[in-house]
Amino acid sequence: MSLKEKAHSLLEAALEERESLFLIDYTVFPGNRIEIVIDGDAGVTVEDCIAVSRAVEHNLDREEEDFALEVMSAGVSEGLRHRRQYKKNVGRTLKVHTKDEVIEGKLISVTDKDINLVWKAREPKPIGKGKITVTKEASISYDDIEEAKVMITF
């Protein structure tokens with residue numbers, strides 16, 4: 001079994017022990033540098049990263065194959081890549097890119113098939129001059145999302 005396969009099976013076992021955590025990315029770079037990115041339904045603590053790191057590192061033999069291991073939580077700037085990430089961000093503002101448009105709105109609900117956003121927009125009045133503020137809502141299928149990022153507001 002290769003280092004990549006061995007480390008991946010240890011990673012899967014570690015994540016099974018902590019059901020609130022899930023894998024975002026797993027990469028083995030040249031020189032056996034292993035990079036693991038995790039997220040959690042309630043976020044990721046430093047202790048979570050340490051536990052996953054130990055579960056993988058302590059069960060690999062450095063004398064058999066040298067490696068470097070890095071376990072980190074998913075950064076906000078990286079965007080949402082896993083469906084479970086949307087659930088924990090309900091109530092936050094997302095910027096969602098689809099093939100046809102870019103929508104920035106508040107994530108109000110998540111289903112197994114899509115997400116629902118709500119936002120305010122300025123539109124011309126139906127009668128007369130000027131604009132009015134209207135509330136818009138959209139349901140976007142996961143399949144149509146090319147990129148989605150949480151917008152940080154201060």
# chains A, B, ... in the order shown; residues from 1 in each chain; ligands from 1
call {"tool": "residues_around", "arguments": {"residues": "Lys95 in chain A", "least_positions_apart": "5", "cutoff": "12 Å", "atoms": "only C-alpha atoms", "output": "ChimeraX atom specification"}}
result
/A:77,79-80,101-107,117-119,145-152
call {"tool": "select_by_dssp", "arguments": {"residues": "range 68-116 of chain A", "states": "alpha helix (DSSP H)", "output": "MDAnalysis selection string"}}
result
chainID A and resid 83:88
call {"tool": "atom_distance", "arguments": {"atom1": "CA of Glu35 in chain A", "atom2": "CA of Glu19 in chain A"}}
result
20.2 Å
call {"tool": "residues_around", "arguments": {"residues": "Glu65 in chain A", "least_positions_apart": "6", "cutoff": "10 Å", "atoms": "only C-alpha atoms", "output": "PDB file with N, CA and C atoms, in the first residue's frame"}}
result
ATOM      1  N   SER A   2       0.618   2.187  -0.880  1.00  0.00           N
ATOM      2  CA  SER A   2       1.428   3.397  -0.981  1.00  0.00           C
ATOM      3  C   SER A   2       1.177   4.332   0.204  1.00  0.00           C
ATOM      4  N   LEU A   3       2.079   5.290   0.386  1.00  0.00           N
ATOM      5  CA  LEU A   3       1.921   6.281   1.451  1.00  0.00           C
ATOM      6  C   LEU A   3       0.602   7.025   1.288  1.00  0.00           C
ATOM      7  N   ASN A  32       6.420  13.808  -0.862  1.00  0.00           N
ATOM      8  CA  ASN A  32       5.565  13.252   0.199  1.00  0.00           C
ATOM      9  C   ASN A  32       5.074  14.306   1.196  1.00  0.00           C
TER      10      ASN A  32
END
call {"tool": "closest_residue", "arguments": {"among": "A:Arg54, A:Arg122, A:His8, A:Lys113", "to": "Ser139 in chain A", "atoms": "only C-alpha atoms"}}
result
A:Lys113
call {"tool": "atom_distance", "arguments": {"atom1": "CA of Val52 in chain A", "atom2": "CA of Asn89 in chain A"}}
result
23.2 Å
call {"tool": "atom_distance", "arguments": {"atom1": "CA of Arg18 in chain A", "atom2": "CA of Ala55 in chain A"}}
result
11.4 Å
call {"tool": "closest_residue", "arguments": {"among": "A:His58, A:Lys4, A:Arg83, A:Lys88", "to": "Gly40 in chain A", "atoms": "only C-alpha atoms"}}
result
A:Lys88
call {"tool": "select_by_dssp", "arguments": {"residues": "range 66-120 of chain A", "states": "strand (DSSP E)", "output": "list in words"}}
result
Ala68, Leu69, Glu70, Val71, Met72, Ser73, Thr93, Leu94, Lys95, Val96, His97, Thr98, Val102, Ile103, Glu104, Gly105, Lys106, Leu107, Ile108, Ser109, Val110, Asp114, Ile115, Asn116, Leu117, Val118, Trp119 and Lys120 of chain A
call {"tool": "residues_around", "arguments": {"residues": "Ala42 in chain A", "least_positions_apart": "6", "cutoff": "12 Å", "atoms": "only C-alpha atoms", "output": "PyMOL selection string"}}
result
chain A and resi 18-22+48+73+84-90
